[in-house]
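Here is protein-v7.cif, consisting of mmCIF, C-alpha atoms and all ligand atoms:
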data_structure
#
loop_
_atom_site.label_atom_id
_atom_site.label_comp_id
_atom_site.auth_asym_id
_atom_site.auth_seq_id
_atom_site.Cartn_x
_atom_site.Cartn_y
_atom_site.Cartn_z
CA MET H 1 98.27 123.15 84.32
CA LYS H 2 96.56 119.96 83.28
CA SER H 3 93.93 117.75 84.80
CA ILE H 4 94.42 114.11 85.58
CA ILE H 5 91.37 111.90 85.29
CA ILE H 6 91.48 108.57 87.06
CA GLU H 7 88.82 106.13 86.03
CA THR H 8 87.79 103.28 88.31
CA LYS H 9 85.49 100.43 87.48
CA PHE H 10 83.38 98.20 89.71
CA LYS H 11 80.96 95.36 89.12
CA VAL H 12 77.75 95.33 91.11
CA PHE H 13 75.95 92.05 91.77
CA GLU H 14 72.28 92.23 92.81
CA ASP H 15 72.99 89.90 95.71
CA GLU H 16 75.49 87.27 96.81
CA THR H 17 73.76 84.47 94.89
CA GLU H 18 74.85 86.18 91.63
CA LEU H 19 78.52 85.82 92.56
CA PRO H 20 80.83 83.33 90.85
CA LYS H 21 81.05 80.08 92.86
CA ASP H 22 84.44 80.77 94.52
CA ALA H 23 83.46 84.29 95.51
CA PHE H 24 80.13 83.08 96.89
CA GLY H 25 81.92 80.48 99.02
CA LEU H 26 84.39 83.11 100.22
CA MET H 27 81.56 85.47 101.19
CA GLN H 28 79.92 82.69 103.22
CA LYS H 29 83.17 82.30 105.18
CA ALA H 30 83.29 86.06 105.76
CA LYS H 31 79.69 85.97 106.90
CA SER H 32 80.24 83.29 109.50
CA ILE H 33 83.45 84.81 110.91
CA ARG H 34 81.67 88.19 111.13
CA LEU H 35 79.37 86.72 113.77
CA LYS H 36 82.41 86.12 115.99
CA ALA H 37 83.69 89.71 115.77
CA TYR H 38 84.51 91.37 119.08
CA ALA H 39 82.78 94.72 118.70
CA PRO H 40 81.26 95.69 122.06
CA TYR H 41 81.93 99.42 121.55
CA SER H 42 80.71 100.07 118.02
CA ASN H 43 78.25 97.16 117.72
CA PHE H 44 79.44 97.12 114.12
CA LYS H 45 80.65 93.70 113.06
CA VAL H 46 82.86 93.00 110.07
CA GLY H 47 84.05 89.71 108.60
CA ALA H 48 86.76 89.17 105.99
CA ALA H 49 87.85 86.05 104.13
CA LEU H 50 90.90 85.75 101.90
CA LEU H 51 91.39 83.15 99.19
CA LEU H 52 95.04 82.17 98.74
CA ASP H 53 96.36 80.68 95.54
CA ASN H 54 97.03 77.37 97.29
CA GLY H 55 93.26 77.14 97.88
CA LYS H 56 93.49 77.99 101.59
CA ILE H 57 90.98 80.42 103.07
CA ILE H 58 92.04 82.79 105.86
CA THR H 59 89.37 84.60 107.85
CA GLY H 60 89.37 87.50 110.29
CA ASN H 61 87.01 89.85 112.05
CA ASN H 62 87.22 93.19 113.85
CA GLN H 63 88.70 93.14 117.34
CA GLU H 64 87.93 96.20 119.45
CA ASN H 65 89.57 97.52 122.58
CA ALA H 66 88.59 99.78 125.49
CA ALA H 67 91.48 101.97 124.29
CA TYR H 68 89.69 102.46 120.97
CA PRO H 69 92.65 102.90 118.55
CA SER H 70 94.19 99.67 119.84
CA GLY H 71 91.50 97.66 118.06
CA LEU H 72 91.89 96.26 114.55
CA CYS H 73 89.66 95.96 111.49
CA ALA H 74 88.60 92.60 110.09
CA GLU H 75 90.46 93.04 106.80
CA ARG H 76 93.77 93.75 108.49
CA SER H 77 93.29 90.95 111.04
CA ALA H 78 92.94 88.54 108.11
CA ILE H 79 95.59 89.96 105.78
CA PHE H 80 98.25 90.28 108.51
CA TYR H 81 97.61 86.67 109.48
CA ALA H 82 98.02 85.63 105.83
CA GLY H 83 101.16 87.75 105.53
CA SER H 84 102.68 86.22 108.65
CA GLN H 85 101.69 82.57 108.07
CA HIS H 86 101.84 82.36 104.26
CA PRO H 87 104.32 85.04 103.20
CA GLU H 88 105.11 83.40 99.86
CA THR H 89 101.53 82.64 98.87
CA LYS H 90 99.57 85.00 96.69
CA ILE H 91 96.21 86.38 97.80
CA LEU H 92 93.67 86.01 95.00
CA ALA H 93 90.59 87.58 96.55
CA ILE H 94 89.10 89.08 99.67
CA ALA H 95 85.42 89.07 100.62
CA ILE H 96 84.15 91.56 103.20
CA ILE H 97 80.78 91.74 104.90
CA ALA H 98 79.88 94.43 107.41
CA GLY H 99 76.98 95.83 109.34
CA SER H 100 75.63 97.12 112.61
CA ILE H 101 74.05 94.65 115.02
CA ASN H 102 71.33 97.24 115.75
CA LYS H 103 69.88 97.38 112.23
CA THR H 104 70.11 95.48 108.97
CA THR H 105 72.70 97.05 106.69
CA THR H 106 71.48 96.63 103.12
CA HIS H 107 74.10 98.64 101.20
CA PRO H 108 77.68 97.57 100.41
CA ILE H 109 80.27 98.64 103.01
CA PRO H 110 83.72 99.33 101.49
CA PRO H 111 86.98 98.80 103.41
CA CYS H 112 88.31 101.80 105.35
CA GLY H 113 91.32 103.78 104.18
CA ALA H 114 93.80 102.05 106.50
CA CYS H 115 92.67 98.63 105.26
CA ARG H 116 92.95 99.78 101.63
CA GLN H 117 96.52 100.84 102.33
CA ALA H 118 97.29 97.45 103.93
CA ILE H 119 95.71 95.51 101.05
CA SER H 120 97.68 97.66 98.61
CA GLU H 121 100.96 96.70 100.31
CA TYR H 122 100.30 93.00 99.71
CA GLU H 123 99.07 93.53 96.16
CA ILE H 124 102.29 95.34 95.32
CA LYS H 125 104.39 92.74 97.18
CA GLN H 126 102.89 89.86 95.20
CA ASN H 127 102.77 91.81 91.93
CA ALA H 128 99.31 90.50 91.15
CA PRO H 129 95.88 92.03 91.69
CA ILE H 130 93.64 91.10 94.60
CA GLU H 131 89.94 90.95 93.82
CA ILE H 132 87.82 92.66 96.46
CA TYR H 133 84.15 91.86 97.08
CA PHE H 134 82.22 93.83 99.68
CA MET H 135 78.64 93.95 100.90
CA GLY H 136 76.38 94.91 103.80
CA GLU H 137 74.58 92.24 105.76
CA THR H 138 72.30 91.72 102.76
CA GLY H 139 71.85 93.17 99.29
CA LYS H 140 74.21 94.21 96.55
CA VAL H 141 77.82 93.05 96.35
CA VAL H 142 80.46 95.31 94.80
CA LYS H 143 83.52 93.82 93.13
CA SER H 144 86.75 95.67 92.52
CA ASN H 145 89.33 93.90 90.32
CA SER H 146 92.25 95.40 92.20
CA ILE H 147 92.91 97.62 95.22
CA GLU H 148 94.16 100.22 92.72
CA ASP H 149 90.54 100.95 91.88
CA LEU H 150 89.71 101.60 95.51
CA LEU H 151 92.92 103.47 96.29
CA PRO H 152 94.01 105.47 93.27
CA PHE H 153 97.03 107.72 93.70
CA GLY H 154 98.24 105.52 96.54
CA PHE H 155 101.37 105.80 98.63
CA ASP H 156 103.86 102.98 98.09
CA LYS H 157 107.46 101.90 98.65
CA SER H 158 108.67 103.59 95.48
CA PHE H 159 108.45 106.94 97.32
CA LEU H 160 110.74 105.88 100.15
N1 LIG H 201 85.92 98.16 110.70
C1 LIG H 201 86.44 97.09 110.03
O1 LIG H 201 86.60 96.01 110.59
N2 LIG H 201 86.78 97.27 108.73
C2 LIG H 201 86.66 98.44 108.06
O2 LIG H 201 87.10 98.52 106.91
C3 LIG H 201 85.97 99.57 108.67
C4 LIG H 201 85.69 99.47 110.10
C5 LIG H 201 85.59 98.01 112.12
C6 LIG H 201 86.47 98.80 113.05
C7 LIG H 201 85.57 98.97 114.26
O3 LIG H 201 85.71 97.82 115.07
C8 LIG H 201 84.17 98.98 113.67
O4 LIG H 201 84.27 98.44 112.36
C9 LIG H 201 83.54 100.37 113.59
O5 LIG H 201 84.37 101.26 112.93
#

Translate this file's structure into structure tokens.
Ligand code: THU
Amino acid sequence: MKSIIIETKFKVFEDETELPKDAFGLMQKAKSIRLKAYAPYSNFKVGAALLLDNGKIITGNNQENAAYPSGLCAERSAIFYAGSQHPETKILAIAIIAGSINKTTTHPIPPCGACRQAISEYEIKQNAPIEIYFMGETGKVVKSNSIEDLLPFGFDKSFL
């Protein structure tokens, strides 16, 4: 028997104003699309913005449904749009901002497991890391250099 130790590393910025210029701009796009989320059931709104390597920014937000599992997270709304409209273009970064409309969320909200899996698919497809920035409505921003740090020991096409 042996143990496997997986080390992951994140950067933590005190607030969004500490971010590099591109990431700050991307977070502002995520922030404004978050306000348009359709979240009447959870009252929890999420915005995501992707920076493509042609400079384009793709945004998405969560879309809920009366049949709850039929809804979709913000990250997957955005990344599936990018995958369908710009299949040959690499995704450089994704900014995510999330929080309840009933209270101010001041701690960083990471992407859910299903969104990590979806981001991982595109990172593997493009063979280049996707930077991930995530935050609550205010406060600290966490940066992951690659989805691998958020989803170690992931499931991928090599197992099929
Ligand atoms: N949600 C996202 O949009 N992204 C995540 O990574 C986690 C959760 C949405 C789904 C649902 O509309 C609401 O937040 C509450 O779970």

*asked:* At a cut-off of 8 Å, using only C-alpha atoms, what residues contact H:Leu92? Leave out same-chain residues fewer than 3 positions from it and give the result as a ChimeraX atom specification.
replied: /H:50-53,129-131

Contacts of H:Leu19 at 10 Å (all atoms listed in the file; same-chain gap of 4+ positions) as JSON, numbers by chain:
{"H": [12, 13, 14, 15, 23, 24, 25, 27, 133, 141, 142, 143]}

Enumerate residues in contact with ligand LIG 201 (chain H): an atom-to-atom distance of at most 7 Å, counting all atoms listed in the file. Format the result as a PDB file with C-alpha atoms, in the frame of the given file.
ATOM      1  CA  ALA H  39      82.780  94.720 118.700  1.00  0.00           C
ATOM      2  CA  SER H  42      80.710 100.070 118.020  1.00  0.00           C
ATOM      3  CA  PHE H  44      79.440  97.120 114.120  1.00  0.00           C
ATOM      4  CA  LYS H  45      80.650  93.700 113.060  1.00  0.00           C
ATOM      5  CA  VAL H  46      82.860  93.000 110.070  1.00  0.00           C
ATOM      6  CA  ASN H  61      87.010  89.850 112.050  1.00  0.00           C
ATOM      7  CA  ASN H  62      87.220  93.190 113.850  1.00  0.00           C
ATOM      8  CA  GLN H  63      88.700  93.140 117.340  1.00  0.00           C
ATOM      9  CA  GLU H  64      87.930  96.200 119.450  1.00  0.00           C
ATOM     10  CA  GLY H  71      91.500  97.660 118.060  1.00  0.00           C
ATOM     11  CA  LEU H  72      91.890  96.260 114.550  1.00  0.00           C
ATOM     12  CA  CYS H  73      89.660  95.960 111.490  1.00  0.00           C
ATOM     13  CA  ALA H  74      88.600  92.600 110.090  1.00  0.00           C
ATOM     14  CA  GLU H  75      90.460  93.040 106.800  1.00  0.00           C
ATOM     15  CA  PRO H 110      83.720  99.330 101.490  1.00  0.00           C
ATOM     16  CA  PRO H 111      86.980  98.800 103.410  1.00  0.00           C
ATOM     17  CA  CYS H 112      88.310 101.800 105.350  1.00  0.00           C
ATOM     18  CA  CYS H 115      92.670  98.630 105.260  1.00  0.00           C
TER      19      CYS H 115
END

| Nearest-residue call for H:Ser144, choices H:Ala82, H:Lys90, H:Gly113, H:Lys11, using only C-alpha atoms |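 Residue with the minimum atom-to-atom distance to H:Ser144: H:Lys11.
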
A straight line from atom CA of H:Lys36 to atom CA of H:Ala98 spans 12.2 Å

Here atom CA of H:Thr106 and atom CA of H:Ala37 stand apart by 18.9 Å

- Message: I'd like the neighbourhood of H:Ser146 as a list of chain:residue names, where a residue qualifies if any of its atoms comes within 12 Å (using all atoms listed in the file), though same-chain residues fewer than 5 positions away should be ignored.
- Response: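 Surrounding residues, per the criterion: H:Thr8, H:Lys9, H:Phe10, H:Lys11, H:Ile91, H:Leu92, H:Ala93, H:Ile94, H:Arg116, H:Ile119, H:Ser120, H:Glu121, H:Tyr122, H:Glu123, H:Ile124, H:Asn127, H:Ala128, H:Pro129, H:Ile130, H:Glu131, H:Ile132, H:Tyr133, H:Leu151, H:Pro152.
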
| Expressed in Å to a single decimal, how great is the separation between atom CA of H:Thr105 and atom CA of H:Leu150? |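 Rounded to one decimal, the two atoms are 20.9 Å apart.
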
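Nearest to H:Arg76 of all the residues H:Gly47, H:Ala118, H:Ile96, H:Gly55 is H:Ala118, based on only C-alpha atoms.
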
As lines of an AutoDock Vina configuration file, what would the box around stretch 46-55 of chain H look like: edges along x, y and z, 6 Å added on every side, centre and edge lengths in Å to one decimal?
center_x = 89.9
center_y = 85.1
center_z = 102.8
size_x = 26.2
size_y = 27.9
size_z = 26.5

Residue completion, stretch 61-74 of chain H, N, CA and C atoms, as an mmCIF file, in the coordinates of the input:
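And here's result36.cif as it stands now:
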data_model
loop_
_atom_site.group_PDB
_atom_site.id
_atom_site.type_symbol
_atom_site.label_atom_id
_atom_site.label_comp_id
_atom_site.auth_asym_id
_atom_site.auth_seq_id
_atom_site.Cartn_x
_atom_site.Cartn_y
_atom_site.Cartn_z
ATOM 1 N N ASN H 61 88.103 88.939 111.733
ATOM 2 C CA ASN H 61 87.010 89.850 112.050
ATOM 3 C C ASN H 61 87.550 91.018 112.871
ATOM 4 N N ASN H 62 86.711 92.033 113.104
ATOM 5 C CA ASN H 62 87.220 93.190 113.850
ATOM 6 C C ASN H 62 87.331 92.859 115.341
ATOM 7 N N GLN H 63 88.382 93.364 115.935
ATOM 8 C CA GLN H 63 88.700 93.140 117.340
ATOM 9 C C GLN H 63 88.867 94.499 117.997
ATOM 10 N N GLU H 64 87.892 94.863 118.834
ATOM 11 C CA GLU H 64 87.930 96.200 119.450
ATOM 12 C C GLU H 64 88.611 96.176 120.806
ATOM 13 N N ASN H 65 88.840 97.369 121.330
ATOM 14 C CA ASN H 65 89.570 97.520 122.580
ATOM 15 C C ASN H 65 89.033 98.731 123.336
ATOM 16 N N ALA H 66 89.049 98.660 124.664
ATOM 17 C CA ALA H 66 88.590 99.780 125.490
ATOM 18 C C ALA H 66 89.398 101.042 125.165
ATOM 19 N N ALA H 67 90.677 100.862 124.825
ATOM 20 C CA ALA H 67 91.480 101.970 124.290
ATOM 21 C C ALA H 67 91.252 101.932 122.781
ATOM 22 N N TYR H 68 90.253 102.649 122.318
ATOM 23 C CA TYR H 68 89.690 102.460 120.970
ATOM 24 C C TYR H 68 90.709 102.237 119.835
ATOM 25 N N PRO H 69 91.747 103.089 119.705
ATOM 26 C CA PRO H 69 92.650 102.900 118.550
ATOM 27 C C PRO H 69 93.466 101.611 118.605
ATOM 28 N N SER H 70 93.436 100.925 119.740
ATOM 29 C CA SER H 70 94.190 99.670 119.840
ATOM 30 C C SER H 70 93.472 98.510 119.144
ATOM 31 N N GLY H 71 92.223 98.709 118.764
ATOM 32 C CA GLY H 71 91.500 97.660 118.060
ATOM 33 C C GLY H 71 91.977 97.516 116.621
ATOM 34 N N LEU H 72 91.469 96.493 115.938
ATOM 35 C CA LEU H 72 91.890 96.260 114.550
ATOM 36 C C LEU H 72 90.702 95.841 113.690
ATOM 37 N N CYS H 73 90.709 96.313 112.452
ATOM 38 C CA CYS H 73 89.660 95.960 111.490
ATOM 39 C C CYS H 73 89.784 94.494 111.062
ATOM 40 N N ALA H 74 88.669 93.986 110.555
ATOM 41 C CA ALA H 74 88.600 92.600 110.090
ATOM 42 C C ALA H 74 89.585 92.334 108.940
#
